[in-house]
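Heads up, target.cif below (mmCIF, C-alpha atoms):
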data_protein
#
loop_
_atom_site.label_atom_id
_atom_site.label_comp_id
_atom_site.auth_asym_id
_atom_site.auth_seq_id
_atom_site.Cartn_x
_atom_site.Cartn_y
_atom_site.Cartn_z
CA MET Q 1 -124.91 -68.30 140.45
CA ALA Q 2 -125.90 -65.65 137.90
CA ASN Q 3 -127.77 -63.88 140.66
CA LYS Q 4 -129.87 -61.54 138.53
CA THR Q 5 -131.47 -58.80 140.53
CA GLY Q 6 -135.23 -58.82 140.75
CA ALA Q 7 -137.51 -56.98 138.36
CA THR Q 8 -140.04 -54.21 138.96
CA ILE Q 9 -143.66 -55.40 138.85
CA GLU Q 10 -146.39 -52.84 138.14
CA LEU Q 11 -150.10 -53.62 138.32
CA LEU Q 12 -152.38 -50.79 137.20
CA ASN Q 13 -156.18 -50.91 137.63
CA VAL Q 14 -156.15 -54.69 137.21
CA SER Q 15 -159.54 -56.41 137.41
CA LYS Q 16 -160.81 -59.96 136.97
CA VAL Q 17 -164.46 -60.52 136.18
CA TYR Q 18 -165.84 -64.04 135.81
CA PRO Q 19 -168.98 -64.65 133.74
CA ASN Q 20 -172.23 -64.93 135.71
CA GLN Q 21 -170.62 -63.66 138.92
CA PRO Q 22 -172.36 -60.77 140.73
CA GLU Q 23 -169.12 -58.87 141.41
CA PRO Q 24 -165.48 -58.90 140.23
CA ALA Q 25 -163.04 -61.30 141.88
CA VAL Q 26 -160.46 -58.49 141.71
CA GLU Q 27 -161.34 -54.85 141.11
CA ASN Q 28 -158.99 -52.02 140.10
CA PHE Q 29 -155.93 -53.43 141.83
CA THR Q 30 -152.94 -51.09 141.62
CA MET Q 31 -149.50 -51.79 143.12
CA THR Q 32 -145.82 -51.26 142.32
CA ILE Q 33 -143.32 -53.80 143.66
CA ASN Q 34 -139.67 -52.80 143.70
CA PRO Q 35 -136.77 -54.93 142.40
CA GLY Q 36 -135.66 -57.46 145.02
CA GLU Q 37 -138.66 -56.76 147.26
CA LEU Q 38 -140.65 -59.51 149.00
CA VAL Q 39 -144.29 -58.43 149.14
CA MET Q 40 -146.82 -60.46 151.11
CA LEU Q 41 -150.49 -60.51 150.05
CA VAL Q 42 -152.54 -61.28 153.15
CA GLY Q 43 -156.28 -61.64 153.50
CA PRO Q 44 -159.11 -64.05 154.28
CA SER Q 45 -160.03 -66.93 151.97
CA GLY Q 46 -161.87 -65.78 148.89
CA CYS Q 47 -160.65 -62.17 148.99
CA GLY Q 48 -158.89 -62.45 145.62
CA LYS Q 49 -155.24 -62.58 146.71
CA THR Q 50 -154.37 -65.78 144.79
CA THR Q 51 -156.30 -64.58 141.73
CA THR Q 52 -154.31 -61.34 141.82
CA MET Q 53 -151.00 -63.20 142.00
CA LYS Q 54 -151.92 -65.68 139.23
CA MET Q 55 -152.63 -62.80 136.86
CA ILE Q 56 -148.93 -61.86 137.04
CA ASN Q 57 -147.96 -65.07 135.20
CA ARG Q 58 -151.26 -65.25 133.29
CA ILE Q 59 -152.40 -68.53 134.76
CA ILE Q 60 -155.48 -66.34 135.11
CA GLU Q 61 -155.94 -63.75 132.35
CA PRO Q 62 -156.81 -60.23 133.60
CA SER Q 63 -160.12 -58.82 132.34
CA SER Q 64 -158.78 -55.27 132.28
CA GLY Q 65 -155.87 -53.11 133.40
CA SER Q 66 -152.18 -53.62 132.73
CA ILE Q 67 -149.38 -55.64 134.31
CA LYS Q 68 -145.77 -54.82 133.51
CA ILE Q 69 -142.54 -56.56 134.47
CA ASP Q 70 -139.53 -54.26 134.09
CA GLY Q 71 -141.71 -52.00 131.95
CA GLN Q 72 -142.84 -54.72 129.53
CA ASP Q 73 -146.57 -55.40 129.26
CA ILE Q 74 -147.00 -59.11 129.98
CA LEU Q 75 -149.95 -59.35 127.55
CA THR Q 76 -147.51 -58.72 124.68
CA LEU Q 77 -145.45 -61.80 125.64
CA ASP Q 78 -145.95 -65.42 124.70
CA GLN Q 79 -147.41 -67.16 127.77
CA ASN Q 80 -144.74 -69.86 127.85
CA GLN Q 81 -141.94 -67.33 127.47
CA LEU Q 82 -143.44 -65.27 130.29
CA ARG Q 83 -143.74 -68.25 132.66
CA ARG Q 84 -140.18 -69.42 132.04
CA ASN Q 85 -139.03 -66.10 133.48
CA ILE Q 86 -141.20 -66.38 136.58
CA GLY Q 87 -140.55 -68.95 139.30
CA TYR Q 88 -143.75 -70.43 140.71
CA VAL Q 89 -144.07 -72.29 144.04
CA ILE Q 90 -147.40 -73.64 145.30
CA GLN Q 91 -148.62 -75.31 148.49
CA GLN Q 92 -149.22 -78.64 146.74
CA ILE Q 93 -145.60 -78.46 145.48
CA GLY Q 94 -146.53 -80.09 142.17
CA LEU Q 95 -143.42 -82.22 141.65
CA PHE Q 96 -143.67 -84.76 138.83
CA PRO Q 97 -143.83 -88.14 140.64
CA HIS Q 98 -142.33 -90.13 137.73
CA MET Q 99 -139.27 -87.85 137.53
CA THR Q 100 -136.22 -87.92 139.78
CA ILE Q 101 -135.48 -84.88 141.92
CA ALA Q 102 -132.75 -83.81 139.48
CA GLU Q 103 -135.17 -84.11 136.54
CA ASN Q 104 -137.78 -82.07 138.42
CA VAL Q 105 -135.33 -79.26 139.11
CA ALA Q 106 -134.14 -79.37 135.48
CA VAL Q 107 -137.59 -78.90 133.90
CA VAL Q 108 -137.32 -75.24 132.87
CA PRO Q 109 -133.60 -75.27 131.90
CA THR Q 110 -134.40 -78.29 129.71
CA LEU Q 111 -137.27 -76.40 128.03
CA LEU Q 112 -134.90 -73.49 127.48
CA GLY Q 113 -132.48 -75.78 125.65
CA TRP Q 114 -129.57 -75.57 128.08
CA SER Q 115 -126.70 -78.04 127.54
CA LYS Q 116 -126.65 -81.21 129.62
CA ASP Q 117 -123.47 -80.10 131.42
CA LYS Q 118 -124.95 -76.71 132.27
CA ILE Q 119 -128.17 -78.33 133.50
CA ARG Q 120 -126.28 -80.85 135.64
CA ALA Q 121 -124.21 -78.10 137.25
CA ARG Q 122 -127.28 -75.93 137.82
CA VAL Q 123 -129.27 -78.75 139.43
CA ALA Q 124 -126.40 -79.47 141.83
CA GLU Q 125 -126.10 -75.76 142.64
CA MET Q 126 -129.83 -75.42 143.32
CA LEU Q 127 -130.03 -78.50 145.54
CA GLU Q 128 -127.06 -77.27 147.56
CA LEU Q 129 -128.72 -73.87 147.83
CA VAL Q 130 -131.78 -75.44 149.51
CA GLU Q 131 -129.53 -77.69 151.62
CA LEU Q 132 -130.25 -81.00 149.91
CA ASP Q 133 -127.04 -82.90 149.12
CA PRO Q 134 -127.09 -83.57 145.34
CA SER Q 135 -125.18 -86.84 145.78
CA VAL Q 136 -127.93 -88.06 148.10
CA PHE Q 137 -131.10 -86.59 146.58
CA SER Q 138 -130.58 -86.19 142.80
CA ASN Q 139 -131.69 -89.72 141.88
CA ARG Q 140 -134.48 -90.06 144.41
CA TYR Q 141 -138.15 -89.67 143.56
CA PRO Q 142 -140.55 -87.25 145.26
CA LYS Q 143 -142.33 -90.00 147.22
CA GLN Q 144 -138.99 -90.82 148.91
CA LEU Q 145 -138.75 -87.32 150.42
CA SER Q 146 -140.49 -85.76 153.43
CA GLY Q 147 -142.96 -82.94 152.90
CA GLY Q 148 -140.41 -80.35 153.95
CA GLN Q 149 -137.79 -81.79 151.58
CA GLN Q 150 -140.29 -81.82 148.71
CA GLN Q 151 -141.09 -78.18 149.40
CA ARG Q 152 -137.38 -77.30 149.17
CA VAL Q 153 -137.21 -79.08 145.82
CA GLY Q 154 -140.17 -76.95 144.71
CA VAL Q 155 -138.21 -73.81 145.59
CA ALA Q 156 -135.08 -75.15 143.84
CA ARG Q 157 -137.11 -75.88 140.70
CA ALA Q 158 -138.62 -72.37 140.74
CA LEU Q 159 -135.13 -70.86 140.93
CA SER Q 160 -133.46 -73.17 138.41
CA ALA Q 161 -133.53 -70.79 135.43
CA ASP Q 162 -132.63 -67.81 137.65
CA PRO Q 163 -135.90 -65.91 137.09
CA PRO Q 164 -136.08 -62.27 138.22
CA VAL Q 165 -139.60 -62.81 139.64
CA MET Q 166 -141.01 -65.51 141.92
CA LEU Q 167 -144.65 -66.12 142.79
CA MET Q 168 -145.34 -68.15 145.93
CA ASP Q 169 -148.83 -69.33 146.83
CA GLU Q 170 -148.94 -70.49 150.48
CA PRO Q 171 -145.77 -72.53 149.79
CA PHE Q 172 -145.28 -73.73 153.37
CA GLY Q 173 -148.95 -74.10 154.27
CA ALA Q 174 -149.12 -77.89 154.02
CA THR Q 175 -146.16 -78.57 156.33
CA ASP Q 176 -146.27 -79.16 160.09
CA PRO Q 177 -145.55 -76.13 162.34
CA ILE Q 178 -141.93 -77.07 163.14
CA THR Q 179 -141.03 -77.78 159.51
CA ARG Q 180 -142.84 -74.63 158.45
CA GLU Q 181 -140.87 -72.45 160.84
CA ARG Q 182 -137.60 -73.98 159.65
CA LEU Q 183 -138.53 -73.51 155.98
CA GLN Q 184 -139.48 -69.88 156.64
CA ALA Q 185 -136.13 -69.20 158.30
CA GLU Q 186 -134.24 -70.95 155.50
CA PHE Q 187 -136.20 -69.08 152.84
CA GLN Q 188 -135.56 -65.75 154.58
CA GLN Q 189 -131.82 -66.45 154.46
CA LEU Q 190 -132.07 -67.61 150.86
CA GLN Q 191 -133.84 -64.42 149.75
CA ALA Q 192 -131.17 -62.32 151.49
CA ASN Q 193 -128.66 -63.99 149.15
CA ILE Q 194 -130.60 -64.11 145.87
CA GLY Q 195 -132.62 -60.85 145.97
CA LYS Q 196 -135.54 -61.92 143.74
CA THR Q 197 -138.73 -59.89 143.41
CA ILE Q 198 -141.26 -62.09 145.21
CA VAL Q 199 -145.04 -61.94 145.52
CA PHE Q 200 -146.03 -64.29 148.34
CA VAL Q 201 -149.65 -65.15 149.15
CA THR Q 202 -150.52 -66.21 152.69
CA HIS Q 203 -153.46 -66.11 155.10
CA ASP Q 204 -151.03 -66.25 158.04
CA PHE Q 205 -150.25 -62.76 159.35
CA GLU Q 206 -147.39 -64.10 161.50
CA GLU Q 207 -145.75 -65.47 158.35
CA ALA Q 208 -146.26 -62.12 156.60
CA ILE Q 209 -144.55 -60.26 159.46
CA LYS Q 210 -141.66 -62.68 159.53
CA LEU Q 211 -140.90 -62.73 155.80
CA GLY Q 212 -142.25 -59.59 154.16
CA ASP Q 213 -140.48 -56.36 153.27
CA ARG Q 214 -143.97 -54.94 152.81
CA ILE Q 215 -147.41 -56.41 153.49
CA ALA Q 216 -150.61 -55.72 151.58
CA VAL Q 217 -153.64 -56.43 153.77
CA LEU Q 218 -156.49 -57.21 151.37
CA SER Q 219 -160.26 -57.35 151.74
CA LYS Q 220 -162.91 -58.50 149.24
CA ARG Q 221 -162.12 -58.03 145.55
CA SER Q 222 -158.45 -57.62 146.51
CA LYS Q 223 -159.06 -54.13 147.85
CA ILE Q 224 -155.85 -52.89 149.49
CA GLU Q 225 -156.73 -51.85 153.05
CA GLN Q 226 -153.09 -51.10 153.93
CA PHE Q 227 -149.77 -51.56 152.12
CA ASP Q 228 -146.76 -50.86 154.30
CA THR Q 229 -143.85 -52.35 156.21
CA PRO Q 230 -144.66 -54.91 158.93
CA ALA Q 231 -143.50 -52.48 161.64
CA ASN Q 232 -145.71 -49.64 160.39
CA ILE Q 233 -148.78 -51.86 160.03
CA LEU Q 234 -148.34 -53.18 163.57
CA ALA Q 235 -147.73 -49.72 165.02
CA ASN Q 236 -150.40 -47.89 162.99
CA PRO Q 237 -153.11 -50.13 161.54
CA ALA Q 238 -155.03 -48.08 158.97
CA SER Q 239 -158.49 -49.30 159.99
CA GLU Q 240 -160.47 -51.53 162.31
CA TYR Q 241 -160.34 -54.18 159.60
CA VAL Q 242 -156.53 -54.18 159.59
CA ALA Q 243 -156.42 -54.11 163.39
CA SER Q 244 -158.76 -57.11 163.57
CA PHE Q 245 -156.58 -58.96 161.08
CA ILE Q 246 -153.49 -58.34 163.18
CA GLY Q 247 -155.35 -59.63 166.21
CA GLU Q 248 -154.15 -59.41 169.77
CA GLY Q 249 -150.51 -59.26 170.64
CA ALA Q 250 -149.51 -56.56 168.15
CA ALA Q 251 -147.01 -55.20 170.68
CA LEU Q 252 -145.32 -58.58 171.01
CA LYS Q 253 -145.17 -58.87 167.24
CA ARG Q 254 -143.56 -55.43 167.03
CA LEU Q 255 -140.93 -56.51 169.57
CA ALA Q 256 -139.84 -59.23 167.15
CA LEU Q 257 -139.21 -56.58 164.47
CA MET Q 258 -137.09 -54.24 166.64
CA ARG Q 259 -133.41 -54.70 167.37
CA VAL Q 260 -131.79 -54.65 170.81
CA ASP Q 261 -129.82 -51.67 169.50
CA SER Q 262 -132.95 -49.53 169.83
CA ALA Q 263 -133.29 -50.18 173.57
CA VAL Q 264 -129.75 -50.13 174.96
CA GLU Q 265 -129.28 -47.94 178.03
CA SER Q 266 -126.15 -47.09 179.97
CA GLY Q 267 -125.32 -49.03 183.10
CA ASN Q 268 -124.03 -52.40 184.18
CA ALA Q 269 -125.88 -55.68 184.55
CA THR Q 270 -125.19 -59.29 185.34
CA GLY Q 271 -126.20 -62.40 183.47
CA PRO Q 272 -125.63 -63.75 179.96
CA ALA Q 273 -125.01 -60.90 177.48
CA ILE Q 274 -127.21 -60.59 174.39
CA SER Q 275 -126.22 -59.34 170.94
CA ARG Q 276 -127.28 -55.93 169.62
CA ASP Q 277 -128.51 -57.72 166.50
CA GLU Q 278 -131.06 -59.79 168.43
CA ASN Q 279 -134.67 -58.65 168.49
CA LEU Q 280 -136.43 -57.14 171.49
CA ARG Q 281 -138.62 -60.19 171.94
CA VAL Q 282 -135.46 -62.17 172.73
CA ALA Q 283 -134.27 -59.34 174.98
CA LEU Q 284 -137.53 -59.30 176.93
CA ASP Q 285 -137.36 -63.08 177.36
CA SER Q 286 -133.80 -62.70 178.68
CA VAL Q 287 -134.86 -60.04 181.18
CA VAL Q 288 -137.77 -62.19 182.37
CA LEU Q 289 -135.45 -65.21 182.78
CA ASN Q 290 -133.12 -62.93 184.76
CA ALA Q 291 -135.89 -62.40 187.35
CA GLY Q 292 -136.83 -59.07 185.77
CA ARG Q 293 -133.36 -57.59 186.23
CA PRO Q 294 -131.54 -55.80 183.36
CA VAL Q 295 -129.25 -57.93 181.20
CA PRO Q 296 -125.92 -56.86 179.68
CA VAL Q 297 -125.50 -56.19 175.95
CA VAL Q 298 -122.43 -57.31 174.01
CA GLY Q 299 -120.22 -54.28 173.47
CA GLY Q 300 -121.53 -52.33 176.45
CA GLY Q 301 -124.73 -51.11 178.04
CA ARG Q 302 -127.77 -53.09 179.07
CA VAL Q 303 -131.45 -53.58 178.37
CA SER Q 304 -134.19 -53.46 180.98
CA ILE Q 305 -137.97 -53.57 181.23
CA GLU Q 306 -137.90 -49.75 181.25
CA SER Q 307 -135.63 -49.35 178.21
CA ILE Q 308 -137.63 -51.90 176.18
CA SER Q 309 -140.86 -50.12 177.20
CA ALA Q 310 -139.41 -46.78 176.10
CA ALA Q 311 -138.35 -48.19 172.72
CA LEU Q 312 -141.76 -49.76 172.11
CA GLY Q 313 -143.77 -46.87 173.49
CA ILE Q 314 -145.82 -48.99 175.89
CA ASP Q 315 -145.24 -50.60 179.29
CA VAL Q 316 -144.06 -54.11 178.41
CA SER Q 317 -144.49 -55.24 182.04
CA ARG Q 318 -148.23 -55.21 181.33
CA LEU Q 319 -148.05 -57.39 178.22
CA GLY Q 320 -150.04 -60.57 178.57
CA GLN Q 321 -151.97 -59.30 181.58
#
How would this structure read if it were set down as structure tokens?
Amino acid sequence: MANKTGATIELLNVSKVYPNQPEPAVENFTMTINPGELVMLVGPSGCGKTTTMKMINRIIEPSSGSIKIDGQDILTLDQNQLRRNIGYVIQQIGLFPHMTIAENVAVVPTLLGWSKDKIRARVAEMLELVELDPSVFSNRYPKQLSGGQQQRVGVARALSADPPVMLMDEPFGATDPITRERLQAEFQQLQANIGKTIVFVTHDFEEAIKLGDRIAVLSKRSKIEQFDTPANILANPASEYVASFIGEGAALKRLALMRVDSAVESGNATGPAISRDENLRVALDSVVLNAGRPVPVVGGGRVSIESISAALGIDVSRLGQ
């Protein structure tokens, strides 16, 4: 795969005002997103997060401000040219029902005038990337696929022309919880390999924690209440609003972001050993299953209720009480 690195996205004082509306949908939104970064926009329905994202590919035209991709003002570009360089994945998937899966994935490369051989190879590569066997799925139609499979095709289509930027609007929202969790894990692994710059809209804070390099917690008019790493937002919410959005269980969520490495203490223990690369939520579960006794860590040392508490900064034995 060509594997272009992601592009820088800069939004400066971007606003969207609709006629006859009492206030802007988005007001003076400013953010810089680094190449290869996955930024989650999180907020309640109607706060402007999807409007903000759609201004990046000009599905919605900004009323004022500037948006640049790798330093180029998007308003100077032809809309179609702009959109062919931005992958776009939505909750409704939007596959063309009369086209085969291969034809769906090939839409943008075909518009770009790629050769048939190049398109065929790219379609096979993309379907393999999202773990759909091309020999099985290429000639099927969307209605013959499950919801989760269709969503993977949507991701494959968005990646087909190797765009530096991807926009994702609640892409896994319509799937059942088990499929959603699997798609999130697969997408996380995929992004580790492809390194696109991704703006991902969700209302699900758990999803934001799981996938995001940074999270922007938004309130009305897309006001940024906090823009930081998942760990920093969980440890130090900037306001009552952010804290209420996180909800209860922030400590447990932080455990899932911390590695066993951070809580290893000296000493021996019995029971199944856990990897240093696991997270502390897994470690705590292991200790609980070991009747509260410390468990050994692969490569030496152990983790215990006390060492996990010290790493987290609170007494984990009281969690859930």
How close does segment 37-127 of chain Q get to segment 134-146 of chain Q? List, as JSON lines, each residue of segment 37-127 of chain Q within 10 Å, its nearest atom pair and the distance in Å to one decimal, counting only C-alpha atoms.
{"residue": "Q:Gly94", "atom": "CA", "partner": "Q:Pro142", "partner_atom": "CA", "distance": 9.8}
{"residue": "Q:Leu95", "atom": "CA", "partner": "Q:Pro142", "partner_atom": "CA", "distance": 6.8}
{"residue": "Q:Phe96", "atom": "CA", "partner": "Q:Pro142", "partner_atom": "CA", "distance": 7.6}
{"residue": "Q:Pro97", "atom": "CA", "partner": "Q:Pro142", "partner_atom": "CA", "distance": 5.7}
{"residue": "Q:His98", "atom": "CA", "partner": "Q:Tyr141", "partner_atom": "CA", "distance": 7.2}
{"residue": "Q:Met99", "atom": "CA", "partner": "Q:Tyr141", "partner_atom": "CA", "distance": 6.4}
{"residue": "Q:Thr100", "atom": "CA", "partner": "Q:Tyr141", "partner_atom": "CA", "distance": 4.6}
{"residue": "Q:Ile101", "atom": "CA", "partner": "Q:Ser138", "partner_atom": "CA", "distance": 5.1}
{"residue": "Q:Ala102", "atom": "CA", "partner": "Q:Ser138", "partner_atom": "CA", "distance": 4.6}
{"residue": "Q:Glu103", "atom": "CA", "partner": "Q:Ser138", "partner_atom": "CA", "distance": 8.0}
{"residue": "Q:Asn104", "atom": "CA", "partner": "Q:Pro142", "partner_atom": "CA", "distance": 9.0}
{"residue": "Q:Val105", "atom": "CA", "partner": "Q:Ser138", "partner_atom": "CA", "distance": 9.2}
{"residue": "Q:Arg120", "atom": "CA", "partner": "Q:Ser138", "partner_atom": "CA", "distance": 9.9}
{"residue": "Q:Val123", "atom": "CA", "partner": "Q:Pro134", "partner_atom": "CA", "distance": 7.9}
{"residue": "Q:Ala124", "atom": "CA", "partner": "Q:Pro134", "partner_atom": "CA", "distance": 5.4}
{"residue": "Q:Glu125", "atom": "CA", "partner": "Q:Pro134", "partner_atom": "CA", "distance": 8.3}
{"residue": "Q:Met126", "atom": "CA", "partner": "Q:Pro134", "partner_atom": "CA", "distance": 8.8}
{"residue": "Q:Leu127", "atom": "CA", "partner": "Q:Pro134", "partner_atom": "CA", "distance": 5.9}
Requested in this report: Find the residues around Lys16 of chain Q up to 6 Å (all atoms listed in the file counted), leave out those fewer than 2 positions away in its own chain, and share them as number ranges by chain.
Outcome: Q: 24-26, 62-63
**Report entry** Shell around Gln184 of chain Q at 8 Å using all atoms listed in the file, local window under 4 positions removed, as a PyMOL selection string
**Finding:** chain Q and resi 172+180+188+207+211
Query raised in the report: With distances taken over all atoms listed in the file, which of Q:Val39, Q:Pro22, Q:Gly87, Q:Leu11 is nearest to Met55 of chain Q?
Result: Q:Leu11
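What the PyMOL selection byres ((chain Q and resi 281) around 7) picks from this file is Leu252, Leu255, Ala256, Asn279, Leu280, Val282, Ala283, Leu284 and Asp285 of chain Q.
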Query - Å distance separating atom CA of Ile198 of chain Q from atom CA of Ala251 of chain Q, one decimal place - result: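 The value is 27.0 Å.
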Query raised in the report: Residues at most 9 Å from Gly43 of chain Q, counting all atoms listed in the file, excluding those fewer than 4 positions away in the same chain, as number ranges by chain?
Result: Q: 47-49, 201-205, 216-220, 222, 245
Query raised in the report: Taking the file as shown, what set of residues would the PyMOL selection byres ((chain Q and resi 278) around 6) give back, as a PyMOL selection string?
Result: chain Q and resi 259-260+275-277+279
Query - atom CA of Ile246 of chain Q to atom CA of Ile224 of chain Q, distance in Å rounded to a single decimal - result: 14.9 Å
Query - Near-Pro237 of chain Q list (12 Å; all atoms listed in the file; drop same-chain fewer than 3 positions) as a list of chain:residue names - result: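 Counting only the stated atoms, we get Q:Ile215, Q:Ala216, Q:Val217, Q:Glu225, Q:Gln226, Q:Phe227, Q:Asp228, Q:Thr229, Q:Pro230, Q:Ala231, Q:Asn232, Q:Ile233, Q:Leu234, Q:Glu240, Q:Tyr241, Q:Val242, Q:Ala243, Q:Ser244, Q:Phe245, Q:Ile246, Q:Gly247, Q:Ala250.
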**Report entry** Picked residues, the PyMOL selection byres ((chain Q and resi 287) around 12), expected as JSON, numbers by chain
**Finding:** {"Q": [269, 270, 271, 272, 273, 274, 280, 281, 282, 283, 284, 285, 286, 288, 289, 290, 291, 292, 293, 294, 295, 296, 297, 302, 303, 304, 305, 306, 307, 308, 316, 317]}
